[in-house]
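Below: work-v8.pdb (PDB, C-alpha atoms, pLDDT in the B column)
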ATOM      1  CA  MET A   1       0.000   0.000   0.000  1.00 37.00           C
ATOM      2  CA  LEU A   2       1.290   3.466  -0.866  1.00 38.00           C
ATOM      3  CA  ALA A   3       1.736   5.845   2.019  1.00 37.00           C
ATOM      4  CA  SER A   4      -0.755   8.100   0.245  1.00 38.00           C
ATOM      5  CA  GLU A   5      -3.379   5.336   0.370  1.00 39.00           C
ATOM      6  CA  ARG A   6      -3.604   5.318   4.151  1.00 38.00           C
ATOM      7  CA  LYS A   7      -6.947   6.421   5.489  1.00 42.00           C
ATOM      8  CA  LEU A   8      -6.036   9.533   7.419  1.00 43.00           C
ATOM      9  CA  PRO A   9      -8.081  10.869  10.344  1.00 51.00           C
ATOM     10  CA  VAL A  10     -10.762  13.466   9.603  1.00 59.00           C
ATOM     11  CA  PRO A  11     -13.000  15.295  12.079  1.00 66.00           C
ATOM     12  CA  GLU A  12     -16.162  13.505  13.187  1.00 70.00           C
ATOM     13  CA  GLY A  13     -19.544  14.447  14.605  1.00 76.00           C
ATOM     14  CA  ALA A  14     -20.058  17.997  15.866  1.00 79.00           C
ATOM     15  CA  GLU A  15     -16.376  18.776  15.363  1.00 88.00           C
ATOM     16  CA  LYS A  16     -16.653  17.818  11.694  1.00 91.00           C
ATOM     17  CA  ARG A  17     -19.811  19.884  11.226  1.00 90.00           C
ATOM     18  CA  LEU A  18     -18.120  23.035  12.558  1.00 90.00           C
ATOM     19  CA  TYR A  19     -14.903  22.398  10.653  1.00 90.00           C
ATOM     20  CA  VAL A  20     -16.658  21.817   7.315  1.00 92.00           C
ATOM     21  CA  ARG A  21     -18.890  24.867   7.688  1.00 93.00           C
ATOM     22  CA  GLU A  22     -15.982  27.170   8.502  1.00 92.00           C
ATOM     23  CA  MET A  23     -13.767  25.689   5.801  1.00 90.00           C
ATOM     24  CA  PHE A  24     -16.273  26.053   2.962  1.00 91.00           C
ATOM     25  CA  SER A  25     -17.211  29.537   4.101  1.00 93.00           C
ATOM     26  CA  ALA A  26     -13.533  30.500   3.940  1.00 91.00           C
ATOM     27  CA  ILE A  27     -12.795  29.046   0.482  1.00 91.00           C
ATOM     28  CA  ALA A  28     -16.065  30.192  -1.159  1.00 91.00           C
ATOM     29  CA  PRO A  29     -14.464  33.020  -3.213  1.00 88.00           C
ATOM     30  CA  ARG A  30     -12.131  30.606  -5.075  1.00 87.00           C
ATOM     31  CA  TYR A  31     -14.206  27.442  -4.857  1.00 88.00           C
ATOM     32  CA  ASP A  32     -15.578  27.364  -8.421  1.00 90.00           C
ATOM     33  CA  VAL A  33     -12.235  28.181 -10.041  1.00 86.00           C
ATOM     34  CA  LEU A  34     -10.455  25.470  -8.105  1.00 84.00           C
ATOM     35  CA  ASN A  35     -13.154  22.903  -8.871  1.00 84.00           C
ATOM     36  CA  HIS A  36     -12.757  23.426 -12.599  1.00 86.00           C
ATOM     37  CA  VAL A  37      -8.954  23.637 -12.566  1.00 80.00           C
ATOM     38  CA  LEU A  38      -8.297  20.695 -10.267  1.00 78.00           C
ATOM     39  CA  SER A  39     -10.744  18.421 -12.132  1.00 86.00           C
ATOM     40  CA  LEU A  40      -9.595  19.628 -15.574  1.00 82.00           C
ATOM     41  CA  ASN A  41     -13.219  20.713 -16.113  1.00 89.00           C
ATOM     42  CA  MET A  42     -14.454  17.141 -15.745  1.00 93.00           C
ATOM     43  CA  ASP A  43     -16.720  18.284 -12.892  1.00 93.00           C
ATOM     44  CA  ARG A  44     -18.952  19.966 -15.481  1.00 94.00           C
ATOM     45  CA  LEU A  45     -19.444  16.666 -17.338  1.00 95.00           C
ATOM     46  CA  TRP A  46     -20.132  14.796 -14.111  1.00 96.00           C
ATOM     47  CA  ARG A  47     -22.868  17.248 -13.148  1.00 96.00           C
ATOM     48  CA  ARG A  48     -24.506  16.858 -16.547  1.00 97.00           C
ATOM     49  CA  ARG A  49     -24.494  13.092 -16.050  1.00 97.00           C
ATOM     50  CA  ALA A  50     -26.117  13.478 -12.625  1.00 98.00           C
ATOM     51  CA  VAL A  51     -28.874  15.690 -14.031  1.00 98.00           C
ATOM     52  CA  ARG A  52     -29.621  13.173 -16.802  1.00 97.00           C
ATOM     53  CA  LEU A  53     -29.967  10.381 -14.244  1.00 98.00           C
ATOM     54  CA  LEU A  54     -32.334  12.412 -12.068  1.00 98.00           C
ATOM     55  CA  GLY A  55     -35.233  11.617 -14.390  1.00 97.00           C
ATOM     56  CA  TRP A  56     -36.579  15.166 -14.242  1.00 98.00           C
ATOM     57  CA  ALA A  57     -38.114  14.851 -17.745  1.00 97.00           C
ATOM     58  CA  ARG A  58     -40.930  12.788 -16.209  1.00 97.00           C
ATOM     59  CA  ASN A  59     -42.014  15.944 -14.390  1.00 98.00           C
ATOM     60  CA  PRO A  60     -40.309  19.009 -15.905  1.00 98.00           C
ATOM     61  CA  THR A  61     -42.528  21.363 -13.887  1.00 97.00           C
ATOM     62  CA  GLY A  62     -41.749  19.669 -10.572  1.00 98.00           C
ATOM     63  CA  ARG A  63     -39.859  20.779  -7.489  1.00 98.00           C
ATOM     64  CA  TYR A  64     -36.335  19.452  -7.030  1.00 98.00           C
ATOM     65  CA  LEU A  65     -33.803  19.669  -4.214  1.00 98.00           C
ATOM     66  CA  ASP A  66     -30.035  20.082  -4.380  1.00 98.00           C
ATOM     67  CA  ILE A  67     -28.556  19.122  -1.005  1.00 98.00           C
ATOM     68  CA  CYS A  68     -25.152  20.473   0.072  1.00 98.00           C
ATOM     69  CA  ALA A  69     -25.648  22.794  -2.872  1.00 97.00           C
ATOM     70  CA  GLY A  70     -22.530  24.900  -2.368  1.00 96.00           C
ATOM     71  CA  THR A  71     -22.265  27.535  -5.103  1.00 97.00           C
ATOM     72  CA  LEU A  72     -25.310  26.062  -6.874  1.00 97.00           C
ATOM     73  CA  ASP A  73     -23.502  24.608  -9.907  1.00 96.00           C
ATOM     74  CA  LEU A  74     -25.545  21.403  -9.895  1.00 97.00           C
ATOM     75  CA  ALA A  75     -28.823  23.242  -9.298  1.00 97.00           C
ATOM     76  CA  ALA A  76     -28.003  25.621 -12.158  1.00 97.00           C
ATOM     77  CA  GLU A  77     -27.249  22.700 -14.486  1.00 97.00           C
ATOM     78  CA  LEU A  78     -30.762  21.376 -13.952  1.00 97.00           C
ATOM     79  CA  THR A  79     -32.426  24.741 -14.565  1.00 96.00           C
ATOM     80  CA  ARG A  80     -30.518  25.118 -17.855  1.00 95.00           C
ATOM     81  CA  GLN A  81     -32.156  22.058 -19.411  1.00 96.00           C
ATOM     82  CA  PRO A  82     -34.177  23.247 -22.447  1.00 95.00           C
ATOM     83  CA  THR A  83     -37.561  21.873 -21.386  1.00 97.00           C
ATOM     84  CA  PHE A  84     -37.201  22.258 -17.620  1.00 97.00           C
ATOM     85  CA  SER A  85     -39.674  24.743 -16.142  1.00 96.00           C
ATOM     86  CA  GLY A  86     -39.838  23.651 -12.527  1.00 96.00           C
ATOM     87  CA  GLU A  87     -38.143  24.943  -9.377  1.00 96.00           C
ATOM     88  CA  VAL A  88     -34.870  23.910  -7.783  1.00 97.00           C
ATOM     89  CA  VAL A  89     -34.198  24.493  -4.097  1.00 98.00           C
ATOM     90  CA  GLY A  90     -30.515  24.582  -3.168  1.00 98.00           C
ATOM     91  CA  VAL A  91     -29.783  24.028   0.513  1.00 98.00           C
ATOM     92  CA  ASP A  92     -26.399  24.483   2.184  1.00 97.00           C
ATOM     93  CA  PHE A  93     -25.304  25.430   5.685  1.00 96.00           C
ATOM     94  CA  ALA A  94     -22.368  27.578   4.485  1.00 96.00           C
ATOM     95  CA  LEU A  95     -24.064  30.858   3.580  1.00 97.00           C
ATOM     96  CA  PRO A  96     -21.044  32.361   1.725  1.00 96.00           C
ATOM     97  CA  MET A  97     -21.177  29.438  -0.722  1.00 96.00           C
ATOM     98  CA  LEU A  98     -24.838  30.097  -1.537  1.00 96.00           C
ATOM     99  CA  GLU A  99     -24.158  33.797  -1.930  1.00 95.00           C
ATOM    100  CA  ARG A 100     -21.450  33.076  -4.533  1.00 93.00           C
ATOM    101  CA  GLY A 101     -23.910  31.084  -6.642  1.00 93.00           C
ATOM    102  CA  ARG A 102     -27.042  33.168  -6.216  1.00 88.00           C
ATOM    103  CA  ARG A 103     -26.889  34.703  -9.723  1.00 86.00           C
ATOM    104  CA  LYS A 104     -26.066  31.552 -11.685  1.00 89.00           C
ATOM    105  CA  ALA A 105     -29.603  30.799 -12.822  1.00 84.00           C
ATOM    106  CA  GLU A 106     -33.224  31.720 -12.377  1.00 79.00           C
ATOM    107  CA  HIS A 107     -35.696  29.374 -10.714  1.00 84.00           C
ATOM    108  CA  ILE A 108     -33.235  28.475  -7.946  1.00 95.00           C
ATOM    109  CA  ALA A 109     -34.327  29.124  -4.376  1.00 96.00           C
ATOM    110  CA  PRO A 110     -31.226  29.144  -2.119  1.00 97.00           C
ATOM    111  CA  VAL A 111     -31.899  28.055   1.450  1.00 97.00           C
ATOM    112  CA  ASN A 112     -29.367  28.322   4.262  1.00 97.00           C
ATOM    113  CA  GLY A 113     -30.057  25.065   6.105  1.00 97.00           C
ATOM    114  CA  ASP A 114     -28.570  21.855   7.429  1.00 97.00           C
ATOM    115  CA  ALA A 115     -28.711  18.621   5.410  1.00 98.00           C
ATOM    116  CA  LEU A 116     -29.167  16.720   8.680  1.00 97.00           C
ATOM    117  CA  ALA A 117     -32.361  18.639   9.500  1.00 97.00           C
ATOM    118  CA  LEU A 118     -33.857  19.734   6.191  1.00 98.00           C
ATOM    119  CA  PRO A 119     -36.459  22.494   6.700  1.00 97.00           C
ATOM    120  CA  PHE A 120     -39.102  20.887   4.482  1.00 98.00           C
ATOM    121  CA  PRO A 121     -42.127  18.648   5.093  1.00 98.00           C
ATOM    122  CA  ALA A 122     -42.006  14.961   4.197  1.00 98.00           C
ATOM    123  CA  GLY A 123     -42.720  14.131   0.579  1.00 98.00           C
ATOM    124  CA  THR A 124     -42.008  17.610  -0.771  1.00 98.00           C
ATOM    125  CA  PHE A 125     -39.682  16.987  -3.732  1.00 98.00           C
ATOM    126  CA  ASP A 126     -39.857  15.180  -7.065  1.00 98.00           C
ATOM    127  CA  GLY A 127     -36.142  14.387  -6.999  1.00 98.00           C
ATOM    128  CA  ALA A 128     -32.894  15.357  -5.287  1.00 98.00           C
ATOM    129  CA  THR A 129     -29.187  15.604  -6.010  1.00 98.00           C
ATOM    130  CA  VAL A 130     -26.044  15.828  -3.908  1.00 98.00           C
ATOM    131  CA  GLY A 131     -22.828  16.867  -5.619  1.00 97.00           C
ATOM    132  CA  PHE A 132     -19.698  15.963  -3.657  1.00 95.00           C
ATOM    133  CA  GLY A 133     -21.423  16.652  -0.353  1.00 96.00           C
ATOM    134  CA  VAL A 134     -22.386  13.432   1.431  1.00 97.00           C
ATOM    135  CA  ARG A 135     -18.733  12.849   2.304  1.00 96.00           C
ATOM    136  CA  ASN A 136     -18.782  16.057   4.355  1.00 95.00           C
ATOM    137  CA  LEU A 137     -21.837  15.243   6.458  1.00 97.00           C
ATOM    138  CA  ALA A 138     -21.341  14.855  10.193  1.00 95.00           C
ATOM    139  CA  SER A 139     -23.632  11.803   9.942  1.00 96.00           C
ATOM    140  CA  LEU A 140     -23.936  10.086   6.575  1.00 97.00           C
ATOM    141  CA  ASP A 141     -26.873   7.922   7.651  1.00 98.00           C
ATOM    142  CA  ALA A 142     -28.804  10.864   9.084  1.00 97.00           C
ATOM    143  CA  GLY A 143     -28.238  12.841   5.901  1.00 98.00           C
ATOM    144  CA  LEU A 144     -29.421  10.034   3.641  1.00 98.00           C
ATOM    145  CA  GLY A 145     -32.413   9.510   5.899  1.00 98.00           C
ATOM    146  CA  GLU A 146     -33.366  13.173   5.611  1.00 98.00           C
ATOM    147  CA  ALA A 147     -33.051  13.000   1.821  1.00 98.00           C
ATOM    148  CA  ALA A 148     -35.405  10.027   1.780  1.00 98.00           C
ATOM    149  CA  ARG A 149     -37.870  11.769   4.097  1.00 98.00           C
ATOM    150  CA  VAL A 150     -38.369  14.848   1.913  1.00 98.00           C
ATOM    151  CA  LEU A 151     -38.728  12.930  -1.375  1.00 98.00           C
ATOM    152  CA  LYS A 152     -42.011  11.803  -2.876  1.00 98.00           C
ATOM    153  CA  SER A 153     -42.620   8.125  -3.587  1.00 98.00           C
ATOM    154  CA  GLY A 154     -40.933   7.195  -6.857  1.00 98.00           C
ATOM    155  CA  ALA A 155     -38.516  10.142  -6.732  1.00 98.00           C
ATOM    156  CA  ARG A 156     -34.822   9.618  -7.358  1.00 98.00           C
ATOM    157  CA  LEU A 157     -31.797  10.668  -5.349  1.00 99.00           C
ATOM    158  CA  VAL A 158     -28.622  11.115  -7.413  1.00 98.00           C
ATOM    159  CA  VAL A 159     -25.312  11.366  -5.565  1.00 98.00           C
ATOM    160  CA  LEU A 160     -21.999  12.380  -7.092  1.00 98.00           C
ATOM    161  CA  GLU A 161     -19.011  11.570  -4.936  1.00 97.00           C
ATOM    162  CA  PHE A 162     -15.283  11.186  -5.311  1.00 95.00           C
ATOM    163  CA  THR A 163     -13.726   7.768  -4.991  1.00 95.00           C
ATOM    164  CA  THR A 164     -10.391   6.258  -5.981  1.00 93.00           C
ATOM    165  CA  PRO A 165      -9.513   4.106  -9.003  1.00 92.00           C
ATOM    166  CA  ARG A 166      -9.378   0.408  -8.203  1.00 91.00           C
ATOM    167  CA  THR A 167      -6.680  -0.774 -10.593  1.00 91.00           C
ATOM    168  CA  GLN A 168      -3.053   0.045 -11.199  1.00 92.00           C
ATOM    169  CA  PRO A 169      -1.302   1.963 -12.625  1.00 93.00           C
ATOM    170  CA  LEU A 170      -4.123   4.539 -12.625  1.00 91.00           C
ATOM    171  CA  ARG A 171      -4.687   4.179  -8.881  1.00 93.00           C
ATOM    172  CA  GLY A 172      -1.080   4.921  -7.984  1.00 93.00           C
ATOM    173  CA  ALA A 173      -0.785   7.855 -10.378  1.00 92.00           C
ATOM    174  CA  TYR A 174      -4.058   9.348  -9.246  1.00 89.00           C
ATOM    175  CA  LEU A 175      -3.267   9.052  -5.549  1.00 90.00           C
ATOM    176  CA  ARG A 176       0.054  10.800  -6.066  1.00 92.00           C
ATOM    177  CA  TYR A 177      -1.748  13.688  -7.749  1.00 88.00           C
ATOM    178  CA  PHE A 178      -4.671  13.672  -5.327  1.00 87.00           C
ATOM    179  CA  CYS A 179      -2.649  13.467  -2.117  1.00 89.00           C
ATOM    180  CA  ARG A 180       0.421  15.501  -3.057  1.00 89.00           C
ATOM    181  CA  LEU A 181      -0.052  17.910  -5.956  1.00 88.00           C
ATOM    182  CA  LEU A 182      -3.724  18.821  -5.446  1.00 85.00           C
ATOM    183  CA  PRO A 183      -3.291  20.025  -1.834  1.00 86.00           C
ATOM    184  CA  LEU A 184      -0.328  22.174  -2.904  1.00 88.00           C
ATOM    185  CA  ILE A 185      -2.272  23.864  -5.727  1.00 85.00           C
ATOM    186  CA  GLY A 186      -5.375  24.259  -3.588  1.00 82.00           C
ATOM    187  CA  ARG A 187      -3.435  25.822  -0.722  1.00 86.00           C
ATOM    188  CA  ARG A 188      -1.733  28.350  -2.978  1.00 85.00           C
ATOM    189  CA  VAL A 189      -4.891  29.412  -4.826  1.00 80.00           C
ATOM    190  CA  SER A 190      -7.425  29.312  -1.983  1.00 84.00           C
ATOM    191  CA  LYS A 191      -5.023  30.689   0.671  1.00 81.00           C
ATOM    192  CA  HIS A 192      -6.549  28.151   3.081  1.00 86.00           C
ATOM    193  CA  THR A 193      -3.977  26.138   4.989  1.00 78.00           C
ATOM    194  CA  ASP A 194      -5.677  22.735   5.019  1.00 83.00           C
ATOM    195  CA  ALA A 195      -8.910  22.714   2.986  1.00 80.00           C
ATOM    196  CA  TYR A 196      -7.358  20.859   0.080  1.00 87.00           C
ATOM    197  CA  SER A 197      -5.558  18.443   2.358  1.00 88.00           C
ATOM    198  CA  TYR A 198      -8.931  17.625   3.927  1.00 89.00           C
ATOM    199  CA  LEU A 199     -10.288  16.710   0.472  1.00 87.00           C
ATOM    200  CA  PRO A 200      -8.096  13.630  -0.172  1.00 88.00           C
ATOM    201  CA  GLU A 201      -8.165  12.658   3.495  1.00 92.00           C
ATOM    202  CA  SER A 202     -11.956  12.693   3.559  1.00 92.00           C
ATOM    203  CA  VAL A 203     -12.209  10.709   0.309  1.00 92.00           C
ATOM    204  CA  LEU A 204      -9.890   8.007   1.607  1.00 92.00           C
ATOM    205  CA  ALA A 205     -11.830   7.805   4.881  1.00 92.00           C
ATOM    206  CA  PHE A 206     -15.231   7.596   3.143  1.00 95.00           C
ATOM    207  CA  PRO A 207     -17.014   4.337   2.203  1.00 96.00           C
ATOM    208  CA  ASP A 208     -16.223   3.028  -1.272  1.00 97.00           C
ATOM    209  CA  PRO A 209     -19.021   2.927  -3.902  1.00 97.00           C
ATOM    210  CA  ASP A 210     -20.238  -0.483  -2.744  1.00 98.00           C
ATOM    211  CA  GLY A 211     -20.299   0.753   0.840  1.00 98.00           C
ATOM    212  CA  LEU A 212     -22.198   3.912  -0.063  1.00 98.00           C
ATOM    213  CA  SER A 213     -24.699   1.850  -2.052  1.00 98.00           C
ATOM    214  CA  GLY A 214     -25.310  -0.232   1.049  1.00 98.00           C
ATOM    215  CA  ARG A 215     -25.932   2.861   3.145  1.00 98.00           C
ATOM    216  CA  LEU A 216     -28.419   4.143   0.559  1.00 98.00           C
ATOM    217  CA  ARG A 217     -30.329   0.866   0.835  1.00 98.00           C
ATOM    218  CA  GLU A 218     -30.268   1.087   4.631  1.00 98.00           C
ATOM    219  CA  ALA A 219     -31.764   4.589   4.326  1.00 98.00           C
ATOM    220  CA  GLY A 220     -34.704   3.061   2.468  1.00 98.00           C
ATOM    221  CA  PHE A 221     -33.801   3.607  -1.171  1.00 98.00           C
ATOM    222  CA  GLU A 222     -34.549   0.955  -3.773  1.00 98.00           C
ATOM    223  CA  ARG A 223     -33.071   0.156  -7.201  1.00 98.00           C
ATOM    224  CA  VAL A 224     -29.734   1.467  -5.982  1.00 98.00           C
ATOM    225  CA  ALA A 225     -26.981   1.441  -8.589  1.00 98.00           C
ATOM    226  CA  TYR A 226     -23.806   3.332  -9.438  1.00 98.00           C
ATOM    227  CA  ASP A 227     -21.452   3.993 -12.326  1.00 98.00           C
ATOM    228  CA  LEU A 228     -17.750   4.732 -12.057  1.00 97.00           C
ATOM    229  CA  LEU A 229     -16.632   7.767 -14.048  1.00 96.00           C
ATOM    230  CA  LEU A 230     -13.223   8.501 -15.565  1.00 92.00           C
ATOM    231  CA  GLY A 231     -11.659   5.234 -14.488  1.00 92.00           C
ATOM    232  CA  GLY A 232     -13.098   5.362 -10.972  1.00 94.00           C
ATOM    233  CA  ILE A 233     -12.132   8.878  -9.913  1.00 94.00           C
ATOM    234  CA  CYS A 234     -15.784   9.689  -9.347  1.00 96.00           C
ATOM    235  CA  ALA A 235     -18.954   7.648  -8.869  1.00 97.00           C
ATOM    236  CA  VAL A 236     -22.558   8.591  -9.595  1.00 98.00           C
ATOM    237  CA  HIS A 237     -25.137   6.782  -7.448  1.00 98.00           C
ATOM    238  CA  VAL A 238     -28.884   6.543  -8.030  1.00 98.00           C
ATOM    239  CA  GLY A 239     -31.559   5.383  -5.593  1.00 98.00           C
ATOM    240  CA  THR A 240     -35.355   5.566  -5.738  1.00 98.00           C
ATOM    241  CA  LYS A 241     -37.717   6.387  -2.864  1.00 98.00           C
ATOM    242  CA  PRO A 242     -40.270   3.542  -2.554  1.00 98.00           C
TER     243      PRO A 242
END
So, in terms of structure tokens, how does the structure I just supplied come out?
Amino acid sequence: MLASERKLPVPEGAEKRLYVREMFSAIAPRYDVLNHVLSLNMDRLWRRRAVRLLGWARNPTGRYLDICAGTLDLAAELTRQPTFSGEVVGVDFALPMLERGRRKAEHIAPVNGDALALPFPAGTFDGATVGFGVRNLASLDAGLGEAARVLKSGARLVVLEFTTPRTQPLRGAYLRYFCRLLPLIGRRVSKHTDAYSYLPESVLAFPDPDGLSGRLREAGFERVAYDLLLGGICAVHVGTKP
């Protein structure tokens, strides 16, 4: 095992919640630029894939939720679909992130709220997305449970999340970039001392795609499946509310 493959400690529970909120609030001004640069713009393609899998075309006038919405890139991608005329609610507990994305598209309602206690009644939404956010939750199971609670029967949850390639030599090359070069670039551009060291650490500490699929099933989702993207750098998960 490479030294860079070790699962490093990340904050947990209430400590993690506070750390993540403060970190994303601090890096909000450079967040979008770094996302595009560090992913070589692949993050745009991944979001388009997530929107296609949401199944919004079955109800293009419906109400959809983007959880851990950040700067609203994923919410904006949905609203840009040619025949979409519904509403997207983007919820995030880091207000500076929402403020950075407020002007990206019409028909987005930004809500400053916690994914572990979503401020919506049960059965409110026709579908939901999470883009690179479940890994940052203080409680993964509580967050998935809340997503299930606010969805209507038959609605889909689509989750984009980083993972690591399973086979060599891609795995070794990627981990060297992810654990060594990426934190250096992120630190210099964002001016945050450890935000982009937290990123690889949190990915390595997070359940793999099979593990996350199991947690989605435990949260009550059915027809759970995932695809690996770009050789396993990212995974897109889909589950349906019974």
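Reported to one decimal place, the separation of atom CA of Tyr19 of chain A from atom CA of Asp194 of chain A is 10.8 Å.
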- [ ] Could you list the residues chosen by the PyMOL selection byres ((chain A and resi 173-188) around 12) in this structure as a PyMOL selection string?
- [x] chain A and resi 1-8+27+30-40+162-172+189-204+230-234
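Counting all atoms listed in the file and comparing A:Lys152, A:Arg48, A:Arg135, A:Arg63, the residue that lies closest to Ile108 of chain A is A:Arg63.
Distances from A:Gly154, A:Gly220, A:Pro207, A:Gly70 to Pro110 of chain A were compared using all atoms listed in the file, and the smallest one belongs to A:Gly70.
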Task: Residue neighbourhood Asp114 of chain A, 9 Å, all atoms listed in the file, exclusion window fewer than 6 positions, as an NGL selection string - done: :A and (67-68 or 91-94)
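The space separating atom CA of Thr83 of chain A from atom CA of Glu99 of chain A comes to 26.5 Å.
Put simply, the PyMOL selection byres ((chain A and resi 150) around 9) on this file hits Leu118, Phe120, Pro121, Ala122, Gly123, Thr124, Phe125, Gly145, Glu146, Ala147, Ala148, Arg149, Leu151 and Lys152 of chain A.
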Open item on the list: If we count all atoms listed in the file and set the cut-off at 12 Å, which residues sit around Val89 of chain A, ignoring sequence neighbours fewer than 6 positions away in its own chain? Please answer as a PyMOL selection string.
Closed with: chain A and resi 62-70+72+74-76+78-79+98+102+105-113+118-120+124-130
Expected selection from the PyMOL selection byres ((chain A and resi 221) around 10), given as a PDB file with C-alpha atoms, in the coordinates of the input:
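Final output, saved to result_2.pdb:
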ATOM      1  CA  LEU A 144     -29.421  10.034   3.641  1.00 98.00           C
ATOM      2  CA  GLY A 145     -32.413   9.510   5.899  1.00 98.00           C
ATOM      3  CA  ALA A 147     -33.051  13.000   1.821  1.00 98.00           C
ATOM      4  CA  ALA A 148     -35.405  10.027   1.780  1.00 98.00           C
ATOM      5  CA  GLY A 154     -40.933   7.195  -6.857  1.00 98.00           C
ATOM      6  CA  ALA A 155     -38.516  10.142  -6.732  1.00 98.00           C
ATOM      7  CA  ARG A 156     -34.822   9.618  -7.358  1.00 98.00           C
ATOM      8  CA  LEU A 157     -31.797  10.668  -5.349  1.00 99.00           C
ATOM      9  CA  SER A 213     -24.699   1.850  -2.052  1.00 98.00           C
ATOM     10  CA  GLY A 214     -25.310  -0.232   1.049  1.00 98.00           C
ATOM     11  CA  ARG A 215     -25.932   2.861   3.145  1.00 98.00           C
ATOM     12  CA  LEU A 216     -28.419   4.143   0.559  1.00 98.00           C
ATOM     13  CA  ARG A 217     -30.329   0.866   0.835  1.00 98.00           C
ATOM     14  CA  GLU A 218     -30.268   1.087   4.631  1.00 98.00           C
ATOM     15  CA  ALA A 219     -31.764   4.589   4.326  1.00 98.00           C
ATOM     16  CA  GLY A 220     -34.704   3.061   2.468  1.00 98.00           C
ATOM     17  CA  GLU A 222     -34.549   0.955  -3.773  1.00 98.00           C
ATOM     18  CA  ARG A 223     -33.071   0.156  -7.201  1.00 98.00           C
ATOM     19  CA  VAL A 224     -29.734   1.467  -5.982  1.00 98.00           C
ATOM     20  CA  VAL A 238     -28.884   6.543  -8.030  1.00 98.00           C
ATOM     21  CA  GLY A 239     -31.559   5.383  -5.593  1.00 98.00           C
ATOM     22  CA  THR A 240     -35.355   5.566  -5.738  1.00 98.00           C
ATOM     23  CA  LYS A 241     -37.717   6.387  -2.864  1.00 98.00           C
ATOM     24  CA  PRO A 242     -40.270   3.542  -2.554  1.00 98.00           C
TER      25      PRO A 242
END
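Take the candidates A:Val159, A:Ala205, A:Leu18, A:Leu116 and check each one against Ala225 of chain A using all atoms listed in the file; the shortest distance goes to A:Val159.
Across the structure, atom CA of Ala117 of chain A and atom CA of Gln81 of chain A are spaced 29.1 Å apart.
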TODO: Determine, counting only C-alpha atoms, which protein, DNA and RNA residues have an atom within 8 Å of an atom of Arg100 of chain A; residues of the same chain fewer than 5 positions away are not included. Present the result as an MDAnalysis selection string.
DONE: chainID A and resid 28:29 71
Enclose all atoms of segment 157-168 of chain A listed in the file in an axis-aligned box, grow every side by 4 Å, and hand back centre and edge lengths in Å to one decimal, as lines of an AutoDock Vina configuration file.
center_x = -17.4
center_y = 5.8
center_z = -8.1
size_x = 36.7
size_y = 21.2
size_z = 14.3
